[in-house]
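See below for work32.pdb, which holds PDB, C-alpha atoms.
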```pdb
ATOM      1  CA  MET A  13    -134.428-236.095  52.132
ATOM      2  CA  ARG A  14    -134.190-233.324  54.704
ATOM      3  CA  LYS A  15    -131.117-231.124  54.455
ATOM      4  CA  GLY A  16    -130.260-231.926  58.036
ATOM      5  CA  PHE A  17    -129.405-235.458  56.988
ATOM      6  CA  THR A  18    -127.164-234.547  54.065
ATOM      7  CA  ARG A  19    -123.559-233.501  54.199
ATOM      8  CA  LYS A  20    -121.521-232.123  51.343
ATOM      9  CA  PRO A  21    -117.755-232.582  51.494
ATOM     10  CA  LYS A  22    -115.826-229.421  52.252
ATOM     11  CA  PRO A  23    -113.546-228.120  49.447
ATOM     12  CA  ASP A  24    -110.418-228.610  51.542
ATOM     13  CA  GLU A  25    -111.197-232.198  52.570
ATOM     14  CA  PRO A  26    -108.769-234.764  51.133
ATOM     15  CA  ALA A  27    -110.090-236.954  48.323
ATOM     16  CA  THR A  28    -108.633-240.021  50.024
ATOM     17  CA  PRO A  29    -108.134-240.765  53.732
ATOM     18  CA  VAL A  30    -104.708-240.180  55.288
ATOM     19  CA  LYS A  31    -102.607-243.323  55.350
ATOM     20  CA  ASN A  32    -102.189-244.947  58.721
ATOM     21  CA  TYR A  33     -98.415-245.182  58.941
ATOM     22  CA  ILE A  34     -97.432-247.575  61.713
ATOM     23  CA  THR A  35     -94.483-249.676  62.880
ATOM     24  CA  PRO A  36     -94.642-253.504  62.766
ATOM     25  CA  SER A  37     -94.948-253.784  66.552
ATOM     26  CA  GLY A  38     -97.616-251.080  66.597
ATOM     27  CA  LEU A  39     -99.692-252.978  64.051
ATOM     28  CA  GLU A  40     -99.264-256.183  66.044
ATOM     29  CA  ARG A  41    -100.652-254.420  69.114
ATOM     30  CA  LEU A  42    -103.751-253.313  67.183
ATOM     31  CA  LYS A  43    -104.258-256.861  65.905
ATOM     32  CA  ASP A  44    -103.849-258.318  69.393
ATOM     33  CA  GLU A  45    -106.496-255.977  70.814
ATOM     34  CA  HIS A  46    -108.825-256.671  67.880
ATOM     35  CA  ARG A  47    -108.416-260.428  68.385
ATOM     36  CA  PHE A  48    -109.039-260.157  72.125
ATOM     37  CA  LEU A  49    -112.224-258.117  71.712
ATOM     38  CA  LEU A  50    -113.602-260.266  68.915
ATOM     39  CA  THR A  51    -112.805-263.754  70.241
ATOM     40  CA  ARG A  52    -112.776-263.339  74.024
ATOM     41  CA  GLU A  53    -114.281-260.156  75.441
ATOM     42  CA  ARG A  54    -117.320-259.901  73.163
ATOM     43  CA  PRO A  55    -118.390-263.557  73.650
ATOM     44  CA  ALA A  56    -118.022-263.113  77.431
ATOM     45  CA  VAL A  57    -120.233-260.006  77.439
ATOM     46  CA  VAL A  58    -122.788-261.682  75.160
ATOM     47  CA  GLU A  59    -122.995-264.478  77.737
ATOM     48  CA  VAL A  60    -123.649-261.949  80.506
ATOM     49  CA  VAL A  61    -126.377-260.253  78.440
ATOM     50  CA  ALA A  62    -128.045-263.585  77.665
ATOM     51  CA  TRP A  63    -127.999-264.527  81.354
ATOM     52  CA  ALA A  64    -129.333-261.118  82.433
ATOM     53  CA  ALA A  65    -132.096-261.198  79.807
ATOM     54  CA  GLY A  66    -133.620-264.208  81.562
ATOM     55  CA  ASN A  67    -133.808-262.434  84.927
ATOM     56  CA  GLY A  68    -137.042-260.527  84.517
ATOM     57  CA  ASP A  69    -137.838-256.965  83.470
ATOM     58  CA  ARG A  70    -135.005-255.787  81.260
ATOM     59  CA  SER A  71    -135.750-252.103  81.857
ATOM     60  CA  GLU A  72    -134.981-252.594  85.568
ATOM     61  CA  ASN A  73    -132.118-255.024  85.023
ATOM     62  CA  ALA A  74    -128.783-253.295  85.640
ATOM     63  CA  ASP A  75    -126.727-256.258  84.404
ATOM     64  CA  TYR A  76    -128.656-256.325  81.139
ATOM     65  CA  GLN A  77    -128.447-252.557  80.602
ATOM     66  CA  TYR A  78    -124.716-252.512  81.370
ATOM     67  CA  GLY A  79    -124.089-255.519  79.132
ATOM     68  CA  LYS A  80    -125.883-253.957  76.165
ATOM     69  CA  ARG A  81    -123.991-250.688  76.652
ATOM     70  CA  ARG A  82    -120.694-252.563  76.907
ATOM     71  CA  LEU A  83    -121.491-254.487  73.711
ATOM     72  CA  ARG A  84    -122.019-251.216  71.840
ATOM     73  CA  GLN A  85    -118.668-249.957  73.109
ATOM     74  CA  ILE A  86    -116.911-253.176  72.082
ATOM     75  CA  ASP A  87    -118.505-253.204  68.623
ATOM     76  CA  GLY A  88    -117.510-249.570  68.093
ATOM     77  CA  ARG A  89    -113.933-250.294  69.096
ATOM     78  CA  ILE A  90    -113.816-253.379  66.849
ATOM     79  CA  ARG A  91    -115.009-251.302  63.875
ATOM     80  CA  PHE A  92    -112.399-248.625  64.639
ATOM     81  CA  LEU A  93    -109.572-251.172  64.928
ATOM     82  CA  THR A  94    -110.684-252.924  61.742
ATOM     83  CA  LYS A  95    -110.457-249.671  59.779
ATOM     84  CA  ARG A  96    -107.074-248.781  61.286
ATOM     85  CA  ILE A  97    -105.665-252.211  60.481
ATOM     86  CA  GLU A  98    -107.025-252.159  56.926
ATOM     87  CA  ALA A  99    -105.541-248.682  56.329
ATOM     88  CA  ALA A 100    -102.176-249.576  57.872
ATOM     89  CA  GLU A 101     -99.014-248.704  55.943
ATOM     90  CA  VAL A 102     -96.289-250.572  57.788
ATOM     91  CA  VAL A 103     -92.895-248.873  57.976
ATOM     92  CA  ASP A 104     -90.072-250.788  59.628
ATOM     93  CA  PRO A 105     -87.532-248.404  61.220
ATOM     94  CA  GLU A 106     -84.874-251.136  61.022
ATOM     95  CA  ALA A 107     -85.292-251.714  57.282
ATOM     96  CA  PRO A 108     -82.519-250.287  55.043
ATOM     97  CA  ARG A 109     -83.266-246.723  53.982
ATOM     98  CA  ALA A 110     -83.281-245.713  50.310
ATOM     99  CA  ALA A 111     -80.214-243.508  50.796
ATOM    100  CA  GLN A 112     -78.294-246.434  52.278
ATOM    101  CA  LYS A 113     -78.961-248.545  49.195
ATOM    102  CA  ARG A 114     -77.331-246.149  46.765
ATOM    103  CA  ALA A 115     -73.838-247.309  45.886
ATOM    104  CA  GLY A 116     -71.029-245.223  44.406
ATOM    105  CA  GLN A 117     -72.587-241.935  45.434
ATOM    106  CA  ALA A 118     -71.516-239.430  48.042
ATOM    107  CA  LYS A 119     -72.807-240.302  51.459
ATOM    108  CA  GLU A 120     -75.999-238.403  52.240
ATOM    109  CA  LYS A 121     -77.052-237.117  55.602
ATOM    110  CA  THR A 122     -79.546-239.270  57.443
ATOM    111  CA  ARG A 123     -82.812-237.386  57.476
ATOM    112  CA  ALA A 124     -85.782-237.818  59.766
ATOM    113  CA  PHE A 125     -88.851-239.486  58.357
ATOM    114  CA  PHE A 126     -91.439-241.800  59.862
ATOM    115  CA  GLY A 127     -89.750-244.272  62.213
ATOM    116  CA  ALA A 128     -86.741-242.069  62.928
ATOM    117  CA  THR A 129     -85.275-241.584  66.379
ATOM    118  CA  VAL A 130     -84.122-237.990  66.770
ATOM    119  CA  ARG A 131     -81.898-236.397  69.397
ATOM    120  CA  TYR A 132     -82.229-232.630  69.611
ATOM    121  CA  ALA A 133     -81.531-229.703  71.933
ATOM    122  CA  ASN A 134     -83.597-226.654  72.742
ATOM    123  CA  ALA A 135     -82.300-223.090  73.023
ATOM    124  CA  ALA A 136     -81.253-223.707  76.631
ATOM    125  CA  GLY A 137     -79.164-226.709  75.591
ATOM    126  CA  ALA A 138     -81.441-229.324  77.175
ATOM    127  CA  GLU A 139     -81.389-232.506  75.095
ATOM    128  CA  ARG A 140     -84.220-234.903  74.377
ATOM    129  CA  VAL A 141     -84.608-238.030  72.274
ATOM    130  CA  VAL A 142     -87.904-238.845  70.541
ATOM    131  CA  SER A 143     -89.093-241.509  68.113
ATOM    132  CA  ILE A 144     -91.530-240.569  65.345
ATOM    133  CA  VAL A 145     -94.354-243.110  65.216
ATOM    134  CA  GLY A 146     -97.976-243.488  64.102
ATOM    135  CA  THR A 147    -101.018-241.907  65.731
ATOM    136  CA  ASP A 148    -101.941-245.268  67.270
ATOM    137  CA  GLU A 149     -98.518-245.583  68.917
ATOM    138  CA  ILE A 150     -98.178-242.326  70.842
ATOM    139  CA  ASP A 151     -96.554-242.988  74.214
ATOM    140  CA  LEU A 152     -95.119-239.956  75.969
ATOM    141  CA  ASP A 153     -93.614-242.133  78.707
ATOM    142  CA  ARG A 154     -91.450-243.728  75.993
ATOM    143  CA  ASN A 155     -90.955-240.451  74.089
ATOM    144  CA  HIS A 156     -92.941-241.747  71.126
ATOM    145  CA  ILE A 157     -94.514-238.828  69.246
ATOM    146  CA  SER A 158     -96.889-238.830  66.291
ATOM    147  CA  TRP A 159     -95.596-237.950  62.850
ATOM    148  CA  VAL A 160     -98.516-235.484  62.518
ATOM    149  CA  SER A 161     -97.863-233.741  65.852
ATOM    150  CA  PRO A 162     -96.326-230.227  65.785
ATOM    151  CA  LEU A 163     -92.954-231.598  66.908
ATOM    152  CA  GLY A 164     -93.135-234.542  64.518
ATOM    153  CA  ARG A 165     -93.912-232.287  61.564
ATOM    154  CA  ALA A 166     -91.111-229.881  62.522
ATOM    155  CA  LEU A 167     -88.527-232.681  62.676
ATOM    156  CA  MET A 168     -89.563-234.275  59.372
ATOM    157  CA  LYS A 169     -86.780-234.196  56.738
ATOM    158  CA  SER A 170     -84.315-232.656  59.180
ATOM    159  CA  ALA A 171     -80.741-233.908  59.592
ATOM    160  CA  ALA A 172     -78.001-233.485  62.186
ATOM    161  CA  GLY A 173     -76.949-229.837  62.341
ATOM    162  CA  ASP A 174     -80.287-228.480  61.129
ATOM    163  CA  ARG A 175     -82.332-225.997  63.095
ATOM    164  CA  VAL A 176     -86.089-226.423  63.059
ATOM    165  CA  VAL A 177     -88.918-224.309  64.395
ATOM    166  CA  VAL A 178     -91.792-226.024  66.150
ATOM    167  CA  GLN A 179     -95.147-224.298  66.493
ATOM    168  CA  LEU A 180     -96.495-224.560  70.041
ATOM    169  CA  PRO A 181     -99.713-223.208  71.619
ATOM    170  CA  GLY A 182     -97.647-220.636  73.517
ATOM    171  CA  GLY A 183     -95.526-219.593  70.533
ATOM    172  CA  THR A 184     -92.568-221.002  68.631
ATOM    173  CA  GLU A 185     -89.413-222.790  69.734
ATOM    174  CA  THR A 186     -86.191-223.315  67.827
ATOM    175  CA  LEU A 187     -84.540-226.722  68.153
ATOM    176  CA  THR A 188     -81.158-227.962  66.976
ATOM    177  CA  VAL A 189     -81.096-231.487  65.589
ATOM    178  CA  LEU A 190     -78.085-233.387  66.946
ATOM    179  CA  GLU A 191     -78.579-236.898  65.599
ATOM    180  CA  VAL A 192     -80.985-238.863  63.415
ATOM    181  CA  SER A 193     -80.978-242.649  63.472
ATOM    182  CA  TYR A 194     -83.189-245.593  62.623
ATOM    183  CA  GLN A 195     -83.434-248.358  65.182
ATOM    184  CA  HIS A 196     -85.909-250.709  66.806
ATOM    185  CA  ILE A 197     -88.813-248.861  68.431
ATOM    186  CA  SER A 198     -90.222-250.740  71.384
ATOM    187  CA  VAL A 199     -94.006-250.347  71.477
ATOM    188  CA  GLU A 200     -95.904-251.285  74.617
ATOM    189  CA  PRO A 201     -97.685-254.568  73.762
ATOM    190  CA  PHE A 202    -101.417-255.009  74.245
ATOM    191  CA  ARG A 203    -102.298-256.440  77.629
ATOM    192  CA  GLU A 204    -105.653-257.853  78.599
ATOM    193  CA  PRO A 205    -107.452-255.343  80.883
ATOM    194  CA  PRO A 206    -107.622-256.705  84.452
ATOM    195  CA  GLY A 207    -111.344-255.930  84.785
ATOM    196  CA  SER A 208    -112.467-257.555  81.533
ATOM    197  CA  GLU A 209    -115.365-260.003  81.396
ATOM    198  CA  ALA A 210    -113.095-262.513  79.666
ATOM    199  CA  SER A 211    -110.774-262.480  82.680
ATOM    200  CA  ALA A 212    -113.647-262.810  85.131
ATOM    201  CA  LYS A 213    -115.033-265.821  83.281
ATOM    202  CA  ARG A 214    -111.581-267.255  82.578
ATOM    203  CA  LEU A 215    -112.463-267.907  78.963
ATOM    204  CA  PRO A 216    -109.748-269.889  77.140
ATOM    205  CA  ARG A 217    -107.463-267.959  74.834
ATOM    206  CA  ARG A 218    -108.118-268.673  71.163
ATOM    207  CA  ARG A 219    -105.264-269.012  68.756
TER     208      ARG A 219
END
```
Output the file's structure as structure tokens, nothing else.
Amino acid sequence: MRKGFTRKPKPDEPATPVKNYITPSGLERLKDEHRFLLTRERPAVVEVVAWAAGNGDRSENADYQYGKRRLRQIDGRIRFLTKRIEAAEVVDPEAPRAAQKRAGQAKEKTRAFFGATVRYANAAGAERVVSIVGTDEIDLDRNHISWVSPLGRALMKSAAGDRVVVQLPGGTETLTVLEVSYQHISVEPFREPPGSEASAKRLPRRR
């Protein structure tokens, strides 16, 4: 085999893949998209490709070429979603924390881990509230940040009153943690794209 087709793992590569931590609603969104692509969008595109294949020279057939390209995109996305779902480690922010379960011990500070909602202030006193979620749930409009982002990593294990330093492209910033809580995190649900083939063909929804 030619060397160009071989790849040795780098010494610093992890032996096992990083777990895909995700909230229950985040996982449901991945499953909804996977179900839509597999049972509605892909069959609709396959139908378009089959119809276009019967319309003459395929090399000059724009519908056929587009359909085949779209199928490759769908199949790639289905494979990606399948892997993400299989690797999912669901963490419910509303579930009782380990520290809350301990009885007869001094009350511990609530610390930020995956699923935490954190209120903090920067050096100028401006406050912001963020929720630490999985990489598939990032939504800056809802202030949902990834647990592996610079800010997410900086806030990990912090508690109210702590000062943390976040590494930014332009330098560092010191933040003061004001409050750490665990509550329901509202993830934007999956919605069928308006321009999908399934919508155009009005294929029935499968349950």
Suppose a student applies the PyMOL selection byres ((chain A and resi 175-188) around 10) to this structure; what residues should they get, written as a PyMOL selection string? chain A and resi 131-139+161-168+170-174+189-191
Mind writing the picked residues with C-alpha atoms as a compact mmCIF listing (two decimals), keeping the file's coordinate frame?
```txt
# COMPACT_ATOMS: atom_id res chain seq x y z
CA ARG A 131 -81.90 -236.40 69.40
CA TYR A 132 -82.23 -232.63 69.61
CA ALA A 133 -81.53 -229.70 71.93
CA ASN A 134 -83.60 -226.65 72.74
CA ALA A 135 -82.30 -223.09 73.02
CA ALA A 136 -81.25 -223.71 76.63
CA GLY A 137 -79.16 -226.71 75.59
CA ALA A 138 -81.44 -229.32 77.18
CA GLU A 139 -81.39 -232.51 75.10
CA SER A 161 -97.86 -233.74 65.85
CA PRO A 162 -96.33 -230.23 65.78
CA LEU A 163 -92.95 -231.60 66.91
CA GLY A 164 -93.14 -234.54 64.52
CA ARG A 165 -93.91 -232.29 61.56
CA ALA A 166 -91.11 -229.88 62.52
CA LEU A 167 -88.53 -232.68 62.68
CA MET A 168 -89.56 -234.28 59.37
CA SER A 170 -84.32 -232.66 59.18
CA ALA A 171 -80.74 -233.91 59.59
CA ALA A 172 -78.00 -233.48 62.19
CA GLY A 173 -76.95 -229.84 62.34
CA ASP A 174 -80.29 -228.48 61.13
CA VAL A 189 -81.10 -231.49 65.59
CA LEU A 190 -78.08 -233.39 66.95
CA GLU A 191 -78.58 -236.90 65.60
```
Between A:Val141, A:Leu49, A:Val160, A:Val60, which residue has the minimum interatomic distance to Ala74 in chain A, considering all atoms listed in the file? A:Val60
Nearest to Lys43 in chain A, chosen from A:Ala212, A:Ile197, A:Leu93, A:Ala100, with all atoms listed in the file counted in the distances: A:Leu93
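One finds CA of Lys95 in chain A at 20.6 Å from CA of Phe126 in chain A.
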One residue among A:Arg140, A:Pro206, A:Phe125, A:Ala64 is nearest to Ser158 in chain A when using all atoms listed in the file, and that residue is A:Phe125
Check what the PyMOL selection byres ((chain A and resi 144-154) around 9) selects in the file above and give those residues as a ChimeraX atom specification. /A:32-35,38-39,42,96,124-130,142-143,155-161,164,167-168,197-200
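Residues selected in this file by the PyMOL selection byres ((chain A and resi 89) around 12) comprise Leu42, Glu45, His46, Arg47, Phe48, Leu49, Leu50, Glu53, Arg54, Arg82, Leu83, Arg84, Gln85, Ile86, Asp87, Gly88, Ile90, Arg91, Phe92, Leu93, Thr94, Lys95 and Arg96 of chain A.
In this model, the gap between CA of Tyr76 in chain A and CA of Thr51 in chain A comes to 20.6 Å.
When all atoms listed in the file are used to measure the gap to Asp104 in chain A, the shortest distance among A:Pro36, A:Gly207, A:Gly79, A:Pro201 belongs to A:Pro36.
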